[in-house]
Structure formats: C-alpha cells, structure tokens
Amino acid sequence: MKTILHLDGDGFFAACEISLNPKLKGKAVVTGQERGIATAMSREAKALGVHRGMPIYMVKKLYPEAVVVNSNYHSYGMFAQRMYDIVRRYTPLVEEYSIDECFADISDLPDPVRAAENIKKELKRELGITFSLGIGPTKVIAKVASKWNKPDGFTVIQPDEIENFLKDLHIGKVWGIGPATSTHLQRLGIQTALDFTQRDERWVRENLPKPEHFLWHELRGHSVYRVHHEPDDDYGSIQQTRTFTPSTKLDFLFSELSKNVEGACMKARRHELSTRRVYYFLKTQEFRYHRFEVPLTVPTNDPSVILNEIRATVDRVYKQGFEYRATGVTLSELVPESVAQNDLFGEVVKNDKKREVWKISDLIDRRYGTHTMILASSLRAREKRRTRPARRLWIPSMGEVA
Ligand SMILES: [Mg+2]
C-alpha cells in the first residue's frame with residue numbers, strides 16, 4: 001500500500017509576487033498583464049470575482065482596486081525549485097509535476113502524515129506561500145485530497161475513507177477525465193466518482209478505453225501511476241522535448257509530439273531498448289505542464305504504437321484556450337528489446353514485421369541524415385522548418401510515412 005502526497009500552490013503566481021513584494025499583502029493581486037488575461041490571483045482578487053482567463057481590461061474596469069502585474073516566470077521558476085527542494089528534504093521520490101505542484105511518494109517514511117505537516121510549515125515559513133496538501137493511497141486520490149480544502153488545506157484520505165470523498169465528487173472533476181470522457185461516462189449513468197468505482201472490472205473493461213481502467217483502479221485506492229521522480233529515473237529513461245512558436249492548434253501540437261516520439265524511439269532502438277511507460281506533456285505559455293502517463297501492456301520502441309496511445313488520450317491533456325509553447329515525451333521503465341519480444345505472444349509476427357521496417361528506417365537515417373524518413377503525423381512539425389516538400393510513402397503496417 002502506497003502513501004502519496006500531492007501539493008499545490010494557492011494562487012501561486014500571485015502568491016510569489018506578494019512574497020517578493022510584501023506591500024502587496026492583503027491586496028487583490030492579479031498576474032498576467034503582459035498576456036492580457038488573468039493567469040493567477042490572490043485570495044482577495046478571487047473574492048472580488050476575478051477568475052483565471054478573465055481579460056485584463058475587464059478586471060481593471062470591474063475592479064479598479066485590483067493590482068495587475070506582469071508575470072515573471074523566471075522568479076516563479078525559482079520558487080518552484082525551492083518548493084521541490086523542501087519536499088526533497090524528506091524523500092528523493094519527488095515528481096516535479098508542474099511549476100506549482102508536485103507529488104511525493106512518502107510510503108516509506110516512519111510517519112508520513114507528520115512529515116507532510118512539516119513540509120507544509122516549511123513551505124509557508126521559507127517561501128511565504130501557502131500550499132494545499134493532500135495525502136492518499138494513489139496519485140489520483142492524493143489529487144482529490146489536495147483539492148478538497150483550498151486554500152491552505154491539509155487533507156488525508158485513508159483507504160477506508162475513500163468512498164466519503166468520492167460520493168459527491170462530480171466525475172468530470174477527477175484528474176485525468178476530460179470533457180469528452182466526462183460526457184461519455186454520464187451517458188453511461190455515471191455522475192460521481194463513487195458511481196464509477198462501484199462498477200465492476202468487467203464492465204469497465206468492456207465499456208471504456210484503457211486510460212479509464214487505470215483511473216478506476218486509482219480511484220479504488222490501487223496505485224497504478226507511480227511517482228515519476230527525477231533525476232533518479234534518468235538512467236532508465238529517454239526524454240525528447242521541443243519548444244516552438246506558441247500555438248493553440250491541437251493538430252500542430254500532436255505533430256510536435258509525434259516528432260518527439262519518433263526521436264525518442266529512434267534513440268531507444270539504437271540502444272536496443274523498449275519502454276513500458278510513456279509520459280508526455282504539453283507546456284503552456286505560463287509554464288504550466290499538462291501531462292499524461294500511459295503504462296503500456298507490451299513494451300515497445302515503435303512510435304506508431306505509442307502515438308496511437310497518445311492520440312487516444314490527448315484530448316484529456318489539451319485544453320482549449322491555452323497557448324502551448326513546448327511538448328515533450330519520456331520513455332521510461334526501459335527494458336532490453338529482447339525481453340520485450342519474449343512478452344509479445346500473439347503479437348510476435350506483426351511486430352517482427354514492423355521491427356524490420358523500423359530497422360530499415362534507421363538505416364536510411366544513418367545513411368541520408370536523421371529524419372529522412374518520418375511518420376506522416378510528424379509532417380506539420382517538420383514543415384514549419386522546411387520549405388522543400390517531403391515525399392510521402394505508404395507502408396501497409398505503418399500507414400503513411402514521409
Ligand atoms: Mg495551484
């Protein structure tokens with residue numbers, strides 16, 4: 001049984017501004033002037049009615065008493081770094097989830113709840129910022145806990161109390177459930193998170209795609225998503241990220257992800273490794289990460305397999321109205337390719353054929369330069385940089401390549 005801690009900064013950007021400039025304390029502080037929309041707000045600003053995404057001109061018109069400031073991501077990043085460091089005093093198993101959130105696996109600490117209380121105190125004392133903390137047996141439950149009582153909250157959900165916390169929680173509020181999935185689940189008669197956990201495993205398997213199976217387990221207190229700690233994980237992972245001119249377009253972002261996946265898989269094949277767990281993220285203009293984790297049933301280094309998983313889940317990660325500036329992919333839990341092949345069973349023949357194709361692709365790349373042959377899904381990301389049209393080619397087991 002695991003004990004996972006999740007912590008989340010309260011109005012983080014605005015809180016950083018107040019910590020840097022104590023004169024702002026008690027005022028309705030709003031960040032995001034330079035972008036023209038509110039990106040974070042102090043408790044006082046929230047009480048006035050300011051919310052994230054509200055146009056700045058409207059904030060100024062409706063609430064002249066509000067103090068609107070430019071964002072300073074460099075400082076926020078430094079606060080974030082200190083936040084992770086404070087948590088690392090207690091355990092190295094810390095996942096830097098976003099600029100104001102992290103997970104920590106505190107299962108092995110002698111008194112995990114006491115440790116979390118101390119972390120909370122130290123964050124407040126040393127950063128001058130309040131965080132809401134949640135503890136639960138899984139990452140998804142820890143997320144429910146940290147949201148339970150905001151701001152400045154501290155909520156522990158013991159495995160036998162989960163039901164109490166899920167019974168009034170709308171299914172759409174669960175971490176990892178996007179609007180489309182939420183609608184789908186409601187059509188199937190599921191309104192609350194508890195409704196979902198009360199369906200049996202067979203029903204879940206027959207009616208829902210894989211990401212929901214993982215969520216179902218997590219909501220029932222069985223840990224599937226592990227805390228992805230760095231850099232301790234580095235020896236066992238391959239990462240590929242790229243920054244670009246900010247975009248709101250999902251098809252372009254997917255193409256960027258596709259290119260990352262291709263690059264990461266190429267590295268994996270070079271080292272004869274396959275991945276068992278893929279993480280990917282979209283990074284917003286405000287340096288927030290929207291991430292997703294995909295545990296794979298069969299280890300692979302085939303980009304088309306991984307991209308199918310990403311295609312099926314990206315609508316939970318992508319949020320309309322956000323400008324994204326980078327994407328990234330991590331292949332983790334790497335295992336030797338040979339191990340992967342032994343696990344394949346019925347998939348062996350099909351995958352062997354595909355493996356041949358990738359081998360040839362790698363050969364061509366070695367001879368004519370990296371990315372000579374790419375998946376068609378990566379084209380848009382590539383066209384941004386190239387004017388010469390790429391030639392496309394259809395390979396039955398892979399679809400269109402270029
Ligand atoms: Mg926050």
# chains A, B, ... in the order shown; residues from 1 in each chain; ligands from 1
$ closest_atom_pairs --of "chain A" --to "ligand 1" --cutoff "6 Å" --atoms "only C-alpha atoms and all ligand atoms" --output "Markdown table"
| residue | atom | partner | partner_atom_place_in_ligand_line | distance |
| --- | --- | --- | --- | --- |
| A:Asp8 | CA | ligand 1 | 1 (Mg) | 4.8 |
| A:Gly9 | CA | ligand 1 | 1 (Mg) | 4.2 |
| A:Asp10 | CA | ligand 1 | 1 (Mg) | 5.0 |
| A:Gly11 | CA | ligand 1 | 1 (Mg) | 5.6 |
| A:Phe12 | CA | ligand 1 | 1 (Mg) | 5.6 |
| A:Asp100 | CA | ligand 1 | 1 (Mg) | 5.6 |
$ residues_around --residues "Glu309 in chain A" --least-positions-apart "6" --cutoff "10 Å" --atoms "only C-alpha atoms" --output "VMD selection string"
chain A and resid 210 to 211 278 293 to 296 303
$ write_last_selection --atoms "C-alpha atoms" --output "PDB file, in the first residue's frame"
ATOM      1  CA  LYS A 210      -7.571   1.733 -21.176  1.00  0.00           C
ATOM      2  CA  PRO A 211      -6.830   5.086 -19.517  1.00  0.00           C
ATOM      3  CA  VAL A 278       5.325   6.706 -21.579  1.00  0.00           C
ATOM      4  CA  GLU A 293       1.047   8.947 -18.296  1.00  0.00           C
ATOM      5  CA  VAL A 294       0.472   5.834 -20.397  1.00  0.00           C
ATOM      6  CA  PRO A 295       1.508   2.470 -18.932  1.00  0.00           C
ATOM      7  CA  LEU A 296       1.913   0.012 -21.835  1.00  0.00           C
ATOM      8  CA  PRO A 303       6.493   5.155 -32.445  1.00  0.00           C
TER       9      PRO A 303
END
$ residues_around --residues "Val144 in chain A" --least-positions-apart "6" --cutoff "9 Å" --atoms "only C-alpha atoms" --output "list in words"
Gly134, Ile135, Gly136, Ile157, Phe165, Leu166, Leu169, Lys173, Val174 and Trp175 of chain A
$ write_last_selection --atoms "C-alpha atoms" --output "compact mmCIF listing (two decimals), in the first residue's frame"
# COMPACT_ATOMS: atom_id res chain seq x y z
CA GLY A 134 -3.38 16.05 0.05
CA ILE A 135 -2.44 12.52 1.05
CA GLY A 136 -3.91 9.34 -0.37
CA ILE A 157 -7.70 10.27 2.75
CA PHE A 165 -14.67 11.72 -0.55
CA LEU A 166 -15.91 10.37 -3.88
CA LEU A 169 -17.35 14.44 -6.43
CA LYS A 173 -13.67 16.86 -11.66
CA VAL A 174 -11.47 13.79 -11.42
CA TRP A 175 -7.88 14.37 -12.52
$ residues_around --residues "Val59 in chain A" --least-positions-apart "5" --cutoff "12 Å" --atoms "only C-alpha atoms" --output "PyMOL selection string"
chain A and resi 28-33+36-39+41+45-46+48-54+64-69
$ select_by_dssp --residues "range 225-341 of chain A" --states "strand (DSSP E or B)" --output "PDB file with C-alpha atoms, in the first residue's frame"
ATOM      1  CA  ILE A 238      14.779   8.700 -22.645  1.00  0.00           C
ATOM      2  CA  GLN A 239      13.405  12.189 -22.993  1.00  0.00           C
ATOM      3  CA  GLN A 240      12.722  14.341 -26.010  1.00  0.00           C
ATOM      4  CA  THR A 241      11.259  17.838 -25.825  1.00  0.00           C
ATOM      5  CA  ARG A 242      10.921  20.756 -28.202  1.00  0.00           C
ATOM      6  CA  THR A 243       9.957  24.393 -27.853  1.00  0.00           C
ATOM      7  CA  PHE A 244       8.212  26.250 -30.683  1.00  0.00           C
ATOM      8  CA  THR A 245       6.314  29.424 -31.507  1.00  0.00           C
ATOM      9  CA  PRO A 246       3.260  29.240 -29.220  1.00  0.00           C
ATOM     10  CA  SER A 247       0.232  27.553 -30.742  1.00  0.00           C
ATOM     11  CA  LEU A 273      15.617  -0.835 -25.540  1.00  0.00           C
ATOM     12  CA  SER A 274      11.839  -0.806 -25.283  1.00  0.00           C
ATOM     13  CA  THR A 275       9.639   1.273 -22.978  1.00  0.00           C
ATOM     14  CA  ARG A 276       6.946   0.085 -20.609  1.00  0.00           C
ATOM     15  CA  ARG A 277       5.663   3.503 -19.605  1.00  0.00           C
ATOM     16  CA  VAL A 278       5.325   6.706 -21.579  1.00  0.00           C
ATOM     17  CA  TYR A 279       4.815  10.221 -20.238  1.00  0.00           C
ATOM     18  CA  TYR A 280       4.000  13.132 -22.441  1.00  0.00           C
ATOM     19  CA  PHE A 281       3.203  16.747 -21.793  1.00  0.00           C
ATOM     20  CA  LEU A 282       2.077  19.978 -23.349  1.00  0.00           C
ATOM     21  CA  LYS A 283       3.677  23.033 -21.763  1.00  0.00           C
ATOM     22  CA  THR A 284       1.653  26.237 -21.722  1.00  0.00           C
ATOM     23  CA  TYR A 289       2.564  21.419 -17.744  1.00  0.00           C
ATOM     24  CA  HIS A 290      -0.448  19.434 -18.865  1.00  0.00           C
ATOM     25  CA  ARG A 291       0.756  15.848 -18.612  1.00  0.00           C
ATOM     26  CA  PHE A 292      -0.386  12.326 -19.115  1.00  0.00           C
ATOM     27  CA  GLU A 293       1.047   8.947 -18.296  1.00  0.00           C
ATOM     28  CA  VAL A 294       0.472   5.834 -20.397  1.00  0.00           C
ATOM     29  CA  PRO A 295       1.508   2.470 -18.932  1.00  0.00           C
ATOM     30  CA  LEU A 296       1.913   0.012 -21.835  1.00  0.00           C
ATOM     31  CA  THR A 297       0.788  -3.589 -21.678  1.00  0.00           C
ATOM     32  CA  VAL A 298       3.537  -4.705 -24.057  1.00  0.00           C
ATOM     33  CA  PRO A 299       6.930  -2.932 -24.072  1.00  0.00           C
ATOM     34  CA  THR A 300       7.683  -1.213 -27.377  1.00  0.00           C
ATOM     35  CA  TYR A 324       1.248  25.920 -25.764  1.00  0.00           C
ATOM     36  CA  ARG A 325       4.945  26.524 -26.272  1.00  0.00           C
ATOM     37  CA  ALA A 326       6.525  23.092 -25.927  1.00  0.00           C
ATOM     38  CA  THR A 327       5.783  19.389 -25.954  1.00  0.00           C
ATOM     39  CA  GLY A 328       7.784  16.507 -24.601  1.00  0.00           C
ATOM     40  CA  VAL A 329       7.849  12.774 -24.308  1.00  0.00           C
ATOM     41  CA  THR A 330       9.582  10.498 -21.818  1.00  0.00           C
ATOM     42  CA  LEU A 331      10.045   6.805 -22.435  1.00  0.00           C
ATOM     43  CA  SER A 332      10.577   5.286 -19.009  1.00  0.00           C
ATOM     44  CA  GLU A 333      10.905   1.835 -17.440  1.00  0.00           C
ATOM     45  CA  LEU A 334      13.165   0.780 -20.271  1.00  0.00           C
ATOM     46  CA  VAL A 335      13.783  -2.921 -20.772  1.00  0.00           C
ATOM     47  CA  PRO A 336      16.025  -4.728 -23.270  1.00  0.00           C
TER      48      PRO A 336
END
$ residues_around --residues "range 110-123 of chain A" --least-positions-apart "2" --cutoff "12 Å" --atoms "only C-alpha atoms" --output "ChimeraX atom specification"
/A:2-10,19,79-91,100,103-108,125-137,146,152-158
$ write_last_selection --atoms "N, CA and C atoms" --output "short mmCIF file (atom, residue, chain, number, x, y, z; two decimals), in the first residue's frame"
data_model
loop_
_atom_site.label_atom_id
_atom_site.label_comp_id
_atom_site.auth_asym_id
_atom_site.auth_seq_id
_atom_site.Cartn_x
_atom_site.Cartn_y
_atom_site.Cartn_z
N LYS A 2 0.54 2.17 -0.89
CA LYS A 2 1.37 3.38 -1.02
C LYS A 2 0.77 4.56 -0.24
N THR A 3 1.61 5.52 0.09
CA THR A 3 1.14 6.79 0.63
C THR A 3 1.73 7.89 -0.25
N ILE A 4 0.84 8.56 -0.98
CA ILE A 4 1.29 9.58 -1.93
C ILE A 4 0.85 10.96 -1.44
N LEU A 5 1.78 11.89 -1.53
CA LEU A 5 1.49 13.28 -1.17
C LEU A 5 1.40 14.11 -2.45
N HIS A 6 0.39 14.96 -2.51
CA HIS A 6 0.32 15.93 -3.62
C HIS A 6 0.23 17.32 -3.02
N LEU A 7 1.01 18.25 -3.54
CA LEU A 7 0.85 19.61 -3.05
C LEU A 7 0.71 20.58 -4.21
N ASP A 8 -0.06 21.62 -3.94
CA ASP A 8 -0.50 22.54 -4.98
C ASP A 8 -0.51 23.96 -4.42
N GLY A 9 0.26 24.86 -5.03
CA GLY A 9 0.35 26.25 -4.57
C GLY A 9 -0.99 26.96 -4.73
N ASP A 10 -1.34 27.80 -3.74
CA ASP A 10 -2.59 28.55 -3.80
C ASP A 10 -2.36 29.86 -4.53
N SER A 19 5.00 37.52 -2.06
CA SER A 19 6.16 37.15 -1.27
C SER A 19 7.36 38.03 -1.62
N PHE A 79 10.95 29.93 -7.22
CA PHE A 79 10.10 29.49 -6.10
C PHE A 79 9.80 27.99 -6.23
N ALA A 80 9.51 27.59 -7.46
CA ALA A 80 9.18 26.17 -7.70
C ALA A 80 10.36 25.29 -7.29
N GLN A 81 11.56 25.71 -7.71
CA GLN A 81 12.75 24.93 -7.40
C GLN A 81 12.93 24.78 -5.89
N ARG A 82 12.68 25.88 -5.17
CA ARG A 82 12.81 25.81 -3.70
C ARG A 82 11.72 24.94 -3.10
N MET A 83 10.55 24.97 -3.71
CA MET A 83 9.46 24.12 -3.23
C MET A 83 9.85 22.65 -3.36
N TYR A 84 10.35 22.25 -4.54
CA TYR A 84 10.76 20.84 -4.73
C TYR A 84 11.86 20.48 -3.73
N ASP A 85 12.81 21.42 -3.52
CA ASP A 85 13.92 21.13 -2.62
C ASP A 85 13.46 20.89 -1.19
N ILE A 86 12.47 21.66 -0.75
CA ILE A 86 11.94 21.46 0.61
C ILE A 86 11.34 20.06 0.72
N VAL A 87 10.59 19.65 -0.28
CA VAL A 87 9.97 18.31 -0.22
C VAL A 87 11.07 17.24 -0.24
N ARG A 88 12.15 17.51 -0.99
CA ARG A 88 13.24 16.53 -1.10
C ARG A 88 14.03 16.37 0.21
N ARG A 89 13.82 17.28 1.17
CA ARG A 89 14.46 17.07 2.48
C ARG A 89 13.91 15.80 3.11
N TYR A 90 12.72 15.40 2.69
CA TYR A 90 12.06 14.25 3.33
C TYR A 90 12.15 12.98 2.51
N THR A 91 12.18 13.13 1.20
CA THR A 91 12.29 11.95 0.33
C THR A 91 12.84 12.36 -1.04
N ASP A 100 3.77 24.73 -9.93
CA ASP A 100 3.32 24.90 -8.54
C ASP A 100 2.73 23.62 -7.93
N PHE A 103 4.25 15.79 -6.68
CA PHE A 103 3.88 14.56 -5.98
C PHE A 103 5.11 14.06 -5.24
N ALA A 104 4.88 13.38 -4.12
CA ALA A 104 6.00 12.71 -3.45
C ALA A 104 5.50 11.36 -2.95
N ASP A 105 6.33 10.35 -3.12
CA ASP A 105 6.00 9.04 -2.59
C ASP A 105 6.57 8.98 -1.18
N ILE A 106 5.68 9.08 -0.17
CA ILE A 106 6.15 9.13 1.22
C ILE A 106 5.84 7.82 1.95
N SER A 107 5.60 6.77 1.17
CA SER A 107 5.20 5.48 1.75
C SER A 107 6.19 4.97 2.80
N ASP A 108 7.49 5.17 2.53
CA ASP A 108 8.48 4.53 3.40
C ASP A 108 8.91 5.39 4.58
N ARG A 125 6.86 28.99 5.84
CA ARG A 125 7.88 29.80 6.53
C ARG A 125 8.95 30.28 5.55
N GLU A 126 9.40 29.39 4.68
CA GLU A 126 10.56 29.72 3.85
C GLU A 126 10.20 30.39 2.53
N LEU A 127 9.02 30.14 2.01
CA LEU A 127 8.63 30.75 0.74
C LEU A 127 7.61 31.87 0.92
N GLY A 128 6.97 31.90 2.08
CA GLY A 128 5.93 32.90 2.29
C GLY A 128 4.70 32.64 1.45
N ILE A 129 4.50 31.37 1.10
CA ILE A 129 3.39 30.99 0.22
C ILE A 129 2.64 29.83 0.85
N THR A 130 1.33 29.81 0.72
CA THR A 130 0.60 28.65 1.24
C THR A 130 0.36 27.64 0.13
N PHE A 131 0.37 26.38 0.52
CA PHE A 131 0.10 25.27 -0.38
C PHE A 131 -1.05 24.45 0.19
N SER A 132 -1.79 23.81 -0.67
CA SER A 132 -2.79 22.86 -0.20
C SER A 132 -2.23 21.46 -0.40
N LEU A 133 -2.25 20.67 0.68
CA LEU A 133 -1.66 19.34 0.63
C LEU A 133 -2.72 18.26 0.72
N GLY A 134 -2.47 17.18 0.00
CA GLY A 134 -3.38 16.05 0.05
C GLY A 134 -2.59 14.76 0.13
N ILE A 135 -3.10 13.82 0.93
CA ILE A 135 -2.44 12.52 1.05
C ILE A 135 -3.45 11.43 0.73
N GLY A 136 -3.02 10.46 -0.05
CA GLY A 136 -3.91 9.34 -0.37
C GLY A 136 -3.10 8.14 -0.81
N PRO A 137 -3.77 6.99 -1.00
CA PRO A 137 -3.05 5.78 -1.40
C PRO A 137 -2.63 5.76 -2.87
N SER A 146 -5.87 17.10 -2.15
CA SER A 146 -5.29 18.45 -2.12
C SER A 146 -6.30 19.49 -2.59
N ASP A 152 -4.74 26.64 1.51
CA ASP A 152 -4.06 26.33 2.77
C ASP A 152 -4.61 25.05 3.42
N GLY A 153 -5.04 24.12 2.59
CA GLY A 153 -5.67 22.90 3.12
C GLY A 153 -4.68 21.80 3.46
N PHE A 154 -5.18 20.86 4.25
CA PHE A 154 -4.39 19.67 4.56
C PHE A 154 -5.38 18.53 4.74
N THR A 155 -5.43 17.64 3.79
CA THR A 155 -6.45 16.58 3.81
C THR A 155 -5.82 15.22 3.62
N VAL A 156 -6.12 14.32 4.55
CA VAL A 156 -5.61 12.96 4.46
C VAL A 156 -6.77 12.04 4.14
N ILE A 157 -6.64 11.25 3.08
CA ILE A 157 -7.70 10.27 2.75
C ILE A 157 -7.14 8.87 2.98
N GLN A 158 -7.62 8.24 4.03
CA GLN A 158 -7.21 6.86 4.31
C GLN A 158 -7.96 5.93 3.35
#
$ closest_residue --among "A:Ser378, A:Ser182, A:Asn207, A:Asn149" --to "Val261 in chain A" --atoms "only C-alpha atoms"
A:Ser378
$ select_by_dssp --residues "range 64-206 of chain A" --states "alpha helix (DSSP H)" --output "PyMOL selection string"
chain A and resi 73-88+112-127+139-148+162-166+179-187+193-198+201-206
$ atom_distance --atom1 "CA of His271 in chain A" --atom2 "CA of Val305 in chain A"
18.6 Å
$ closest_residue --among "A:Ala180, A:Cys16, A:Ala47, A:Leu219" --to "Val317 in chain A" --atoms "only C-alpha atoms"
A:Ala180
$ closest_residue --among "A:Met266, A:Ala40, A:Met373, A:Val227" --to "Glu17 in chain A" --atoms "only C-alpha atoms"
A:Ala40
$ residues_around --residues "Trp216 in chain A" --least-positions-apart "6" --cutoff "8 Å" --atoms "only C-alpha atoms" --output "tab-separated table (two decimals) with N, CA and C atoms, in the first residue's frame"
chain	number	residue	atom	x	y	z
A	196	PHE	N	-18.58	5.60	-10.44
A	196	PHE	CA	-17.60	4.95	-11.32
A	196	PHE	C	-16.91	3.79	-10.61
A	197	THR	N	-16.47	4.04	-9.37
A	197	THR	CA	-15.72	2.98	-8.66
A	197	THR	C	-16.61	1.80	-8.32
A	204	VAL	N	-16.03	-2.18	-16.72
A	204	VAL	CA	-15.06	-1.15	-17.09
A	204	VAL	C	-14.29	-1.59	-18.34
$ atom_distance --atom1 "CA of Tyr225 in chain A" --atom2 "CA of Gly176 in chain A"
11.6 Å
$ residues_around --residues "Leu363 in chain A" --least-positions-apart "5" --cutoff "12 Å" --atoms "only C-alpha atoms" --output "number ranges by chain"
A: 266, 269-270, 356-358, 368-373
$ closest_residue --among "A:Lys353, A:Lys167, A:Lys249, A:Lys359" --to "Ala268 in chain A" --atoms "only C-alpha atoms"
A:Lys359
$ decode --residues "range 179-213 of chain A" --atoms "N, CA and C atoms" --output "CSV table (one decimal), in the first residue's frame"
chain,number,residue,atom,x,y,z
A,179,PRO,N,-13.4,16.7,-20.8
A,179,PRO,CA,-14.8,16.9,-21.0
A,179,PRO,C,-15.5,15.8,-21.8
A,180,ALA,N,-14.8,15.3,-22.9
A,180,ALA,CA,-15.4,14.2,-23.7
A,180,ALA,C,-15.7,13.0,-22.9
A,181,THR,N,-14.7,12.5,-22.1
A,181,THR,CA,-14.9,11.3,-21.3
A,181,THR,C,-15.9,11.5,-20.3
A,182,SER,N,-16.0,12.7,-19.7
A,182,SER,CA,-17.0,13.0,-18.7
A,182,SER,C,-18.4,12.9,-19.2
A,183,THR,N,-18.6,13.4,-20.4
A,183,THR,CA,-19.9,13.3,-21.1
A,183,THR,C,-20.2,11.8,-21.4
A,184,HIS,N,-19.2,11.1,-21.9
A,184,HIS,CA,-19.4,9.7,-22.2
A,184,HIS,C,-19.8,8.9,-20.9
A,185,LEU,N,-19.1,9.1,-19.8
A,185,LEU,CA,-19.4,8.4,-18.6
A,185,LEU,C,-20.8,8.8,-18.1
A,186,GLN,N,-21.2,10.0,-18.2
A,186,GLN,CA,-22.5,10.4,-17.7
A,186,GLN,C,-23.6,9.8,-18.5
A,187,ARG,N,-23.3,9.6,-19.8
A,187,ARG,CA,-24.3,8.9,-20.7
A,187,ARG,C,-24.5,7.5,-20.2
A,188,LEU,N,-23.4,6.9,-19.7
A,188,LEU,CA,-23.4,5.5,-19.2
A,188,LEU,C,-24.0,5.5,-17.7
A,189,GLY,N,-24.5,6.6,-17.3
A,189,GLY,CA,-25.1,6.6,-16.0
A,189,GLY,C,-24.2,6.9,-14.8
A,190,ILE,N,-23.0,7.4,-15.1
A,190,ILE,CA,-22.1,7.7,-14.0
A,190,ILE,C,-22.0,9.2,-13.8
A,191,GLN,N,-22.4,9.6,-12.6
A,191,GLN,CA,-22.4,11.0,-12.3
A,191,GLN,C,-21.3,11.4,-11.4
A,192,THR,N,-21.0,10.6,-10.4
A,192,THR,CA,-20.0,10.9,-9.4
A,192,THR,C,-18.8,9.9,-9.5
A,193,ALA,N,-17.7,10.3,-8.9
A,193,ALA,CA,-16.5,9.4,-8.9
A,193,ALA,C,-16.9,8.1,-8.2
A,194,LEU,N,-17.8,8.1,-7.2
A,194,LEU,CA,-18.1,6.9,-6.5
A,194,LEU,C,-18.9,6.0,-7.4
A,195,ASP,N,-19.9,6.6,-8.2
A,195,ASP,CA,-20.6,5.7,-9.2
A,195,ASP,C,-19.6,4.9,-10.0
A,196,PHE,N,-18.6,5.6,-10.4
A,196,PHE,CA,-17.6,5.0,-11.3
A,196,PHE,C,-16.9,3.8,-10.6
A,197,THR,N,-16.5,4.0,-9.4
A,197,THR,CA,-15.7,3.0,-8.7
A,197,THR,C,-16.6,1.8,-8.3
A,198,GLN,N,-17.9,2.0,-8.3
A,198,GLN,CA,-18.8,0.9,-8.0
A,198,GLN,C,-19.2,0.0,-9.1
A,199,ARG,N,-18.8,0.4,-10.4
A,199,ARG,CA,-18.9,-0.5,-11.5
A,199,ARG,C,-17.8,-1.6,-11.3
A,200,ASP,N,-18.2,-2.8,-11.8
A,200,ASP,CA,-17.1,-3.9,-11.7
A,200,ASP,C,-16.1,-3.9,-12.8
A,201,GLU,N,-15.1,-4.6,-12.6
A,201,GLU,CA,-13.9,-4.5,-13.5
A,201,GLU,C,-14.3,-4.9,-14.9
A,202,ARG,N,-15.2,-5.9,-15.0
A,202,ARG,CA,-15.6,-6.4,-16.3
A,202,ARG,C,-16.3,-5.3,-17.1
A,203,TRP,N,-17.2,-4.7,-16.4
A,203,TRP,CA,-18.0,-3.6,-17.0
A,203,TRP,C,-17.0,-2.5,-17.5
A,204,VAL,N,-16.0,-2.2,-16.7
A,204,VAL,CA,-15.1,-1.1,-17.1
A,204,VAL,C,-14.3,-1.6,-18.3
A,205,ARG,N,-13.9,-2.9,-18.3
A,205,ARG,CA,-13.1,-3.4,-19.4
A,205,ARG,C,-13.9,-3.4,-20.7
A,206,GLU,N,-15.2,-3.7,-20.6
A,206,GLU,CA,-16.0,-3.8,-21.8
A,206,GLU,C,-16.5,-2.5,-22.3
A,207,ASN,N,-16.6,-1.5,-21.5
A,207,ASN,CA,-17.2,-0.2,-21.9
A,207,ASN,C,-16.2,1.0,-22.1
A,208,LEU,N,-15.0,0.8,-21.6
A,208,LEU,CA,-14.2,2.0,-21.5
A,208,LEU,C,-12.8,1.7,-22.1
A,209,PRO,N,-12.1,2.7,-22.6
A,209,PRO,CA,-10.7,2.5,-23.1
A,209,PRO,C,-9.8,2.4,-21.9
A,210,LYS,N,-8.5,2.1,-22.2
A,210,LYS,CA,-7.6,1.7,-21.2
A,210,LYS,C,-7.3,2.8,-20.1
A,211,PRO,N,-7.1,4.1,-20.6
A,211,PRO,CA,-6.8,5.1,-19.5
A,211,PRO,C,-7.8,5.1,-18.4
A,212,GLU,N,-9.1,4.8,-18.7
A,212,GLU,CA,-10.1,4.8,-17.7
A,212,GLU,C,-10.0,3.5,-16.8
A,213,HIS,N,-9.4,2.5,-17.3
A,213,HIS,CA,-9.2,1.3,-16.4
A,213,HIS,C,-8.2,1.7,-15.3
